[in-house]
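target.cif (mmCIF, C-alpha atoms and all ligand atoms)
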```cif
data_input
#
loop_
_atom_site.label_atom_id
_atom_site.label_comp_id
_atom_site.auth_asym_id
_atom_site.auth_seq_id
_atom_site.Cartn_x
_atom_site.Cartn_y
_atom_site.Cartn_z
CA MET A 17 -1.40 -32.17 1.65
CA GLU A 18 -4.38 -30.63 3.39
CA THR A 19 -7.32 -29.96 1.08
CA LYS A 20 -8.80 -26.50 1.35
CA THR A 21 -12.53 -26.03 1.09
CA PHE A 22 -11.97 -22.96 -1.03
CA ASP A 23 -10.43 -22.16 -4.38
CA LEU A 24 -7.81 -19.40 -4.09
CA LYS A 25 -8.04 -18.47 -7.76
CA LYS A 26 -11.80 -18.09 -7.57
CA LEU A 27 -11.40 -15.78 -4.59
CA ALA A 28 -8.79 -13.70 -6.48
CA LYS A 29 -11.33 -13.30 -9.30
CA HIS A 30 -14.05 -12.40 -6.82
CA ILE A 31 -11.90 -9.62 -5.34
CA ASP A 32 -10.88 -8.44 -8.80
CA LYS A 33 -14.53 -8.09 -9.82
CA HIS A 34 -15.37 -6.04 -6.74
CA GLN A 35 -12.37 -3.80 -7.39
CA LYS A 36 -13.40 -3.24 -11.00
CA ASP A 37 -17.08 -2.70 -10.20
CA ALA A 38 -16.34 -0.53 -7.13
CA GLU A 39 -18.80 -2.64 -5.21
CA GLU A 40 -18.20 -3.45 -1.57
CA MET A 41 -18.21 -7.06 -0.41
CA GLU A 42 -18.46 -9.30 2.62
CA LYS A 43 -15.25 -10.29 4.40
CA LEU A 44 -13.83 -13.52 2.97
CA THR A 45 -13.17 -14.84 6.48
CA VAL A 46 -16.92 -14.85 7.22
CA GLN A 47 -17.37 -17.63 4.68
CA TYR A 48 -13.86 -19.11 5.03
CA PRO A 49 -12.84 -18.81 8.67
CA ASP A 50 -9.95 -21.25 8.25
CA MET A 51 -8.18 -19.03 5.71
CA THR A 52 -4.58 -18.39 6.77
CA VAL A 53 -2.38 -15.35 6.14
CA GLU A 54 -0.39 -17.50 3.73
CA ASP A 55 -3.57 -18.36 1.78
CA ALA A 56 -4.33 -14.64 1.71
CA TYR A 57 -0.92 -13.78 0.21
CA ARG A 58 -1.47 -16.53 -2.37
CA ILE A 59 -4.82 -14.95 -3.30
CA GLN A 60 -3.03 -11.60 -3.62
CA SER A 61 -0.36 -13.16 -5.85
CA LEU A 62 -3.06 -14.73 -8.06
CA TRP A 63 -4.73 -11.32 -8.27
CA GLY A 64 -1.37 -9.92 -9.45
CA LYS A 65 -1.30 -12.55 -12.19
CA LEU A 66 -4.82 -11.59 -13.32
CA ALA A 67 -3.76 -7.94 -13.52
CA GLY A 68 -0.59 -8.88 -15.40
CA ALA A 69 -2.57 -10.97 -17.88
CA ARG A 70 -4.57 -7.89 -18.91
CA GLY A 71 -1.41 -5.84 -19.31
CA ASP A 72 -1.44 -4.17 -15.90
CA ARG A 73 2.19 -4.83 -15.04
CA MET A 74 3.48 -4.88 -11.49
CA ILE A 75 5.74 -1.88 -10.83
CA GLY A 76 6.38 -2.16 -7.13
CA TRP A 77 5.35 -3.06 -3.62
CA LYS A 78 3.67 -1.28 -0.76
CA MET A 79 3.97 -1.82 2.91
CA GLY A 80 0.95 -1.17 5.09
CA LEU A 81 0.14 -0.97 8.77
CA THR A 82 3.73 0.00 9.55
CA SER A 83 2.70 2.74 11.98
CA HIS A 84 0.89 2.53 15.28
CA ALA A 85 -1.65 5.14 14.12
CA LYS A 86 -2.58 2.99 11.14
CA GLN A 87 -2.71 -0.27 13.08
CA GLU A 88 -4.98 1.28 15.72
CA SER A 89 -7.33 2.77 13.17
CA VAL A 90 -8.08 -0.56 11.50
CA GLY A 91 -7.52 -2.93 14.43
CA VAL A 92 -4.87 -5.05 12.72
CA ASN A 93 -1.57 -5.10 14.57
CA GLU A 94 1.03 -6.22 12.11
CA PRO A 95 2.59 -4.94 8.91
CA ILE A 96 1.35 -6.26 5.59
CA TYR A 97 2.44 -5.84 2.00
CA GLY A 98 0.66 -5.37 -1.31
CA ARG A 99 1.37 -5.20 -5.02
CA LEU A 100 1.46 -1.94 -6.99
CA THR A 101 0.55 -2.06 -10.67
CA GLN A 102 0.97 0.45 -13.46
CA SER A 103 -2.70 1.46 -13.55
CA MET A 104 -2.60 2.54 -9.89
CA GLU A 105 -0.11 5.35 -10.48
CA VAL A 106 -1.80 8.67 -11.25
CA ALA A 107 0.29 11.36 -12.92
CA GLU A 108 -2.18 14.26 -12.81
CA ARG A 109 -2.98 15.96 -9.50
CA LYS A 110 -6.61 14.92 -9.57
CA LEU A 111 -8.22 12.13 -7.59
CA THR A 112 -11.34 10.92 -9.36
CA LEU A 113 -13.81 9.19 -7.07
CA ASN A 114 -15.61 7.43 -9.88
CA GLY A 115 -14.67 3.73 -9.71
CA LEU A 116 -13.79 3.85 -6.02
CA ILE A 117 -15.86 2.75 -3.01
CA HIS A 118 -14.81 4.70 0.12
CA PRO A 119 -11.31 6.02 -0.58
CA ARG A 120 -8.95 7.44 2.02
CA VAL A 121 -5.65 9.25 1.50
CA GLU A 122 -2.45 8.95 3.49
CA PRO A 123 1.03 10.51 3.28
CA GLU A 124 3.97 8.19 2.67
CA VAL A 125 7.59 8.14 1.59
CA ALA A 126 8.37 6.18 -1.58
CA PHE A 127 11.72 4.53 -2.32
CA VAL A 128 12.76 3.80 -5.90
CA MET A 129 15.32 1.02 -6.07
CA LYS A 130 18.30 0.63 -8.39
CA GLU A 131 19.38 -2.81 -7.24
CA LYS A 132 17.68 -6.11 -6.62
CA LEU A 133 17.12 -7.08 -3.00
CA LYS A 134 16.35 -10.66 -2.26
CA GLY A 135 16.89 -12.26 1.09
CA GLU A 136 16.46 -11.66 4.77
CA ASN A 137 17.92 -9.52 7.49
CA PHE A 138 19.22 -6.69 5.37
CA THR A 139 20.68 -3.74 7.26
CA PRO A 140 19.78 -0.07 6.66
CA ARG A 141 23.16 0.25 4.90
CA ASP A 142 22.18 -2.49 2.41
CA ILE A 143 18.93 -0.67 1.67
CA TRP A 144 20.56 2.74 1.16
CA ALA A 145 23.17 1.21 -1.14
CA ALA A 146 20.36 -0.32 -3.23
CA THR A 147 18.18 2.84 -3.32
CA ASP A 148 18.18 5.12 -6.35
CA PHE A 149 16.06 7.98 -4.95
CA ILE A 150 13.15 8.77 -2.68
CA MET A 151 9.93 10.71 -3.33
CA PRO A 152 7.06 12.07 -1.30
CA ALA A 153 3.88 10.13 -2.01
CA VAL A 154 0.16 10.08 -1.33
CA GLU A 155 -1.49 6.70 -1.31
CA VAL A 156 -5.21 6.24 -1.89
CA ILE A 157 -6.50 3.14 -0.13
CA ASP A 158 -9.96 1.75 -0.83
CA SER A 159 -10.86 -1.43 0.96
CA ARG A 160 -13.28 -3.56 -0.98
CA TYR A 161 -14.85 -4.67 2.32
CA LYS A 162 -18.03 -3.19 3.76
CA ASN A 163 -17.40 -0.36 6.24
CA PHE A 164 -13.63 -0.57 5.58
CA SER A 165 -13.63 -3.38 8.14
CA PHE A 166 -11.47 -6.49 7.86
CA THR A 167 -9.20 -9.01 9.58
CA LEU A 168 -5.51 -9.44 8.76
CA GLU A 169 -6.30 -12.27 6.32
CA ASP A 170 -9.04 -10.26 4.57
CA VAL A 171 -6.93 -7.15 4.02
CA VAL A 172 -3.97 -9.17 2.72
CA ALA A 173 -6.20 -10.98 0.21
CA ASP A 174 -7.57 -7.59 -0.88
CA ASN A 175 -4.05 -6.46 -1.89
CA ALA A 176 -3.66 -4.41 1.29
CA SER A 177 -6.49 -2.07 0.17
CA SER A 178 -4.32 -0.78 -2.70
CA SER A 179 -6.13 1.51 -5.09
CA LYS A 180 -4.13 4.47 -6.45
CA PHE A 181 -1.01 6.43 -5.66
CA PHE A 182 0.56 9.77 -6.49
CA LEU A 183 4.28 10.51 -6.39
CA GLY A 184 5.67 14.03 -5.96
CA ASP A 185 7.21 15.82 -8.94
CA GLN A 186 10.57 16.13 -7.21
CA ALA A 187 12.80 13.14 -6.46
CA TYR A 188 15.36 13.45 -3.68
CA SER A 189 18.64 11.89 -2.81
CA PRO A 190 18.17 9.30 -0.04
CA TYR A 191 20.60 11.45 1.98
CA HIS A 192 18.69 14.70 1.52
CA THR A 193 17.13 14.64 4.95
CA SER A 194 16.60 12.40 7.95
CA LEU A 195 13.36 10.61 7.14
CA SER A 196 12.73 9.72 10.76
CA ASP A 197 12.85 13.41 11.78
CA MET A 198 10.68 14.61 8.93
CA THR A 199 7.31 16.05 9.97
CA VAL A 200 4.35 15.58 7.65
CA LYS A 201 1.07 17.49 7.75
CA LEU A 202 -2.08 16.49 5.92
CA ILE A 203 -4.23 19.52 5.19
CA LYS A 204 -7.83 19.08 4.05
CA ASN A 205 -9.64 22.18 2.78
CA GLY A 206 -7.13 24.43 4.54
CA GLU A 207 -7.24 22.66 7.90
CA ILE A 208 -4.51 20.40 9.33
CA VAL A 209 -6.35 17.12 9.92
CA GLN A 210 -3.37 14.79 10.53
CA SER A 211 0.28 15.17 11.30
CA GLY A 212 3.07 12.75 12.06
CA SER A 213 6.75 12.08 11.81
CA GLY A 214 8.66 9.67 9.60
CA SER A 215 9.72 7.79 12.73
CA ALA A 216 6.09 6.60 13.00
CA VAL A 217 6.95 4.11 10.22
CA LEU A 218 8.69 1.29 12.12
CA GLY A 219 11.07 3.84 13.68
CA HIS A 220 12.39 4.82 10.23
CA PRO A 221 10.92 4.18 6.75
CA VAL A 222 14.10 2.31 5.77
CA ARG A 223 12.96 -0.42 8.20
CA SER A 224 9.87 -0.88 6.10
CA ILE A 225 12.00 -1.92 3.11
CA ILE A 226 13.91 -4.40 5.29
CA GLU A 227 10.62 -5.85 6.52
CA LEU A 228 9.25 -6.06 2.97
CA ALA A 229 12.33 -7.98 1.79
CA ASN A 230 11.91 -10.39 4.72
CA MET A 231 8.20 -10.91 4.08
CA ILE A 232 8.37 -11.48 0.32
CA ASN A 233 11.43 -13.71 0.61
CA ARG A 234 9.19 -16.25 2.34
CA PHE A 235 7.45 -16.58 -1.03
CA ASP A 236 10.79 -16.55 -2.87
CA LEU A 237 10.08 -13.05 -4.24
CA ALA A 238 12.39 -10.06 -4.57
CA ILE A 239 12.45 -6.27 -4.80
CA GLU A 240 13.51 -5.71 -8.41
CA PRO A 241 15.58 -2.81 -9.82
CA GLY A 242 13.38 0.15 -10.79
CA MET A 243 10.57 -0.80 -8.46
CA VAL A 244 8.78 1.81 -6.39
CA ILE A 245 8.00 0.99 -2.77
CA LEU A 246 5.49 2.81 -0.62
CA THR A 247 6.74 2.44 2.93
CA GLY A 248 3.40 2.90 4.73
CA GLY A 249 1.14 5.66 5.98
CA ILE A 250 2.83 8.10 8.35
CA THR A 251 -0.52 9.26 9.76
CA GLU A 252 -4.00 7.81 9.88
CA ALA A 253 -5.74 7.81 6.51
CA VAL A 254 -8.31 10.54 5.80
CA THR A 255 -11.64 10.05 4.01
CA VAL A 256 -12.13 12.24 0.95
CA HIS A 257 -15.20 13.61 -0.82
CA ASP A 258 -16.02 15.39 -4.05
CA GLY A 259 -14.61 18.93 -4.01
CA ASP A 260 -11.98 18.35 -1.31
CA ASP A 261 -8.62 20.00 -1.66
CA ILE A 262 -5.88 17.84 -0.14
CA LYS A 263 -2.45 19.23 0.53
CA VAL A 264 0.41 17.33 2.13
CA ASP A 265 3.34 19.24 3.54
CA PHE A 266 6.42 16.97 3.66
CA GLY A 267 8.75 19.59 5.17
CA THR A 268 12.07 19.53 3.32
CA LEU A 269 10.62 17.03 0.81
CA GLY A 270 8.24 19.72 -0.45
CA SER A 271 4.49 19.47 -0.72
CA MET A 272 1.81 17.88 -2.89
CA GLU A 273 -1.70 19.05 -3.66
CA LEU A 274 -4.60 17.01 -5.02
CA ASN A 275 -8.08 17.99 -6.08
CA VAL A 276 -10.79 15.46 -5.43
CA THR A 277 -13.54 15.27 -8.02
CA ALA A 278 -16.48 12.99 -8.62
CA LEU A 279 -15.66 12.37 -12.29
C1 LIG A 301 -4.65 -1.34 4.90
C2 LIG A 301 -3.58 -0.66 4.08
C3 LIG A 301 -2.68 0.15 4.97
C4 LIG A 301 -0.76 1.75 5.11
O1 LIG A 301 0.01 2.53 4.55
O2 LIG A 301 -0.74 1.59 6.32
C5 LIG A 301 -1.72 1.02 4.26
C6 LIG A 301 -5.76 -0.41 5.27
O3 LIG A 301 -5.62 0.38 6.18
O4 LIG A 301 -6.81 -0.48 4.60
O5 LIG A 301 -1.70 1.20 3.08
MG MG A 302 -0.50 2.98 2.60
#
```

File written out as structure tokens:
Amino acid sequence: METKTFDLKKLAKHIDKHQKDAEEMEKLTVQYPDMTVEDAYRIQSLWGKLAGARGDRMIGWKMGLTSHAKQESVGVNEPIYGRLTQSMEVAERKLTLNGLIHPRVEPEVAFVMKEKLKGENFTPRDIWAATDFIMPAVEVIDSRYKNFSFTLEDVVADNASSSKFFLGDQAYSPYHTSLSDMTVKLIKNGEIVQSGSGSAVLGHPVRSIIELANMINRFDLAIEPGMVILTGGITEAVTVHDGDDIKVDFGTLGSMELNVTAL
């Protein structure tokens, strides 16, 4: 076996510290240019174990960079996944900036699963049959890297920039509306700053779940019953500041409003 010049566990701890201290860091690939995407997912998995060991249980997965708008904005051209833990879910409609570095918000559709999915090449029918309900969602991403700038390997190691997420109050039947036709508007302080359609997410958000199952199966992992899955930003992410009022209009999936505060 090839010997790596770096210790994956040490790097997971390094990232964890920067997350906790809200302190930006240098890209890992500057110091470790031979890091592979697989190494990066192993770092992410080790981070998940650190979180679990302090009681921050994993409750789901997120897909990222599933839309062209998102890929363009960060210069990474393939989908990635990350781990969602209990402490990331925020129930109140308040986004507190304290503890974050340079957060951005993005509208997404969340799937909540009722059945386990493990394997490759699922069809949309398999996914619908395994889905309990869907919910509108707002994800808060906060790269730990300086200037929100990273390579594919860096962002994967940094848990796909996961930070916080909000789910709407209302859950919907998966058959409530056509998610690919749904139009979403992100309104900041009364002004529409981004808009997009569900089809921006790999043609249809259901494709994001198929892709997630494929990607995690390579590590022998599964989507477990009860898990929540964020399918990926429909529009580009928007930077937020103290005092901002963020509203997302999800069309027939209702709307969500968040107040951004320093503390
Ligand atoms: C990576 C995370 C992307 C999404 O929905 O596309 C993501 C990033 O842009 O920092 O969460
Ligand atoms: Mg996202």

Range 34-48 of chain A surroundings by all atoms listed in the file, 7 Å radius, close-in-sequence under 3 positions cut, as a PyMOL selection string: chain A and resi 30-31+51+115-117+160-162+166+170

To check your reading of the model: which residues sit at most 8 Å from ligand MG 302 (chain A) when counting only C-alpha atoms and all ligand atoms? Write the answer as an MDAnalysis selection string. chainID A and resid 78:81 122:124 155:157 178 246:249

Could you write out the selected residues, including C-alpha atoms, as a short mmCIF file (atom, residue, chain, number, x, y, z; two decimals), keeping the file's coordinate frame?
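And here's result.cif as it stands now:
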```
data_model
loop_
_atom_site.label_atom_id
_atom_site.label_comp_id
_atom_site.auth_asym_id
_atom_site.auth_seq_id
_atom_site.Cartn_x
_atom_site.Cartn_y
_atom_site.Cartn_z
CA LYS A 78 3.67 -1.28 -0.76
CA MET A 79 3.97 -1.82 2.91
CA GLY A 80 0.95 -1.17 5.09
CA LEU A 81 0.14 -0.97 8.77
CA GLU A 122 -2.45 8.95 3.49
CA PRO A 123 1.03 10.51 3.28
CA GLU A 124 3.97 8.19 2.67
CA GLU A 155 -1.49 6.70 -1.31
CA VAL A 156 -5.21 6.24 -1.89
CA ILE A 157 -6.50 3.14 -0.13
CA SER A 178 -4.32 -0.78 -2.70
CA LEU A 246 5.49 2.81 -0.62
CA THR A 247 6.74 2.44 2.93
CA GLY A 248 3.40 2.90 4.73
CA GLY A 249 1.14 5.66 5.98
#
```

Of the listed residues A:Ile208, A:Met151, A:Val53, A:Ala176, that which approaches Asp261 in chain A most closely, counting only C-alpha atoms: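 Closest to Asp261 in chain A, using only C-alpha atoms: A:Ile208.
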
Which residues, written as a ChimeraX atom specification, have at least one atom at most 6 Å from Phe127 in chain A, with only C-alpha atoms counted and residues fewer than 6 positions away on the same chain left out? /A:150,244-245

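The nearest approach to ligand LIG 301 (chain A) among the residues A:Asp50, A:Asp142, A:Glu94, A:Glu105, with only C-alpha atoms and all ligand atoms taken into account, belongs to A:Glu94.
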
What are the nearest atom pairs, with distances in Å to one decimal, for all residues of range 173-273 of chain A that come at most 12 Å from range 54-77 of chain A, using all atoms listed in the file, set out by chain and rising residue number as a Markdown table?
```
| residue | atom | partner | partner_atom | distance |
| --- | --- | --- | --- | --- |
| A:Ala173 | CA | A:Ala56 | CA | 4.4 |
| A:Asp174 | CA | A:Gln60 | CA | 6.6 |
| A:Asn175 | CA | A:Gln60 | CA | 5.5 |
| A:Ala176 | CA | A:Gln60 | CA | 8.7 |
| A:Ser177 | CA | A:Gln60 | CA | 10.8 |
| A:Ser178 | CA | A:Trp77 | CA | 10.0 |
| A:Phe181 | CA | A:Gly76 | CA | 11.4 |
| A:Ser224 | CA | A:Trp77 | CA | 10.9 |
| A:Ile225 | CA | A:Trp77 | CA | 9.5 |
| A:Glu227 | CA | A:Trp77 | CA | 11.8 |
| A:Leu228 | CA | A:Trp77 | CA | 8.2 |
| A:Ala229 | CA | A:Trp77 | CA | 10.1 |
| A:Met231 | CA | A:Tyr57 | CA | 10.3 |
| A:Ile232 | CA | A:Tyr57 | CA | 9.6 |
| A:Arg234 | CA | A:Glu54 | CA | 9.8 |
| A:Phe235 | CA | A:Tyr57 | CA | 8.9 |
| A:Leu237 | CA | A:Ser61 | CA | 10.6 |
| A:Ala238 | CA | A:Trp77 | CA | 10.0 |
| A:Ile239 | CA | A:Gly76 | CA | 7.7 |
| A:Glu240 | CA | A:Gly76 | CA | 8.1 |
| A:Pro241 | CA | A:Gly76 | CA | 9.6 |
| A:Gly242 | CA | A:Ile75 | CA | 7.9 |
| A:Met243 | CA | A:Gly76 | CA | 4.6 |
| A:Val244 | CA | A:Gly76 | CA | 4.7 |
| A:Ile245 | CA | A:Trp77 | CA | 4.9 |
| A:Leu246 | CA | A:Trp77 | CA | 6.6 |
| A:Thr247 | CA | A:Trp77 | CA | 8.7 |
| A:Gly248 | CA | A:Trp77 | CA | 10.4 |
```

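If you look at CA of His257 in chain A and CA of Gly206 in chain A, they are 14.5 Å away from each other.
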
Could you work out an axis-aligned box for ligand LIG 301 (chain A), taking every atom the file lists and adding 4 Å on each side, and report centre and edge lengths in Å to one decimal, as lines of an AutoDock Vina configuration file?
```
center_x = -3.4
center_y = 0.6
center_z = 4.7
size_x = 14.8
size_y = 11.9
size_z = 11.2
```

Proximity to ligand LIG 301 (chain A) - best of A:Asp258, A:Glu252, A:Asp32, A:Glu273, all atoms listed in the file: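 Among the listed residues, the smallest separation from ligand LIG 301 (chain A) belongs to A:Glu252.
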
Using all atoms listed in the file, which protein or nucleic acid residues come within 12 Å of Arg141 in chain A? Drop anything in the same chain fewer than 3 positions from it, and give the result as a PyMOL selection string. chain A and resi 137-138+144-147+190-191+222-223+225-226

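When only C-alpha atoms and all ligand atoms are used to compute distances to ligand LIG 301 (chain A), the closest of the residues A:Leu195, A:Ala153, A:Leu183, A:Leu113 turns out to be A:Ala153.
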
Report the distance between CA of Ser211 in chain A and CA of Asn163 in chain A in Å, rounded to one decimal place.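 One can read the CA of Ser211 in chain A to CA of Asn163 in chain A distance as 24.1 Å.
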
From the options A:Val154, A:Ala187, A:Leu279, A:Ala107, which residue's atoms come nearest to Val254 in chain A, counting all atoms listed in the file? A:Val154

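The spacing separating CA of Phe182 in chain A from CA of Gly219 in chain A amounts to 23.5 Å.
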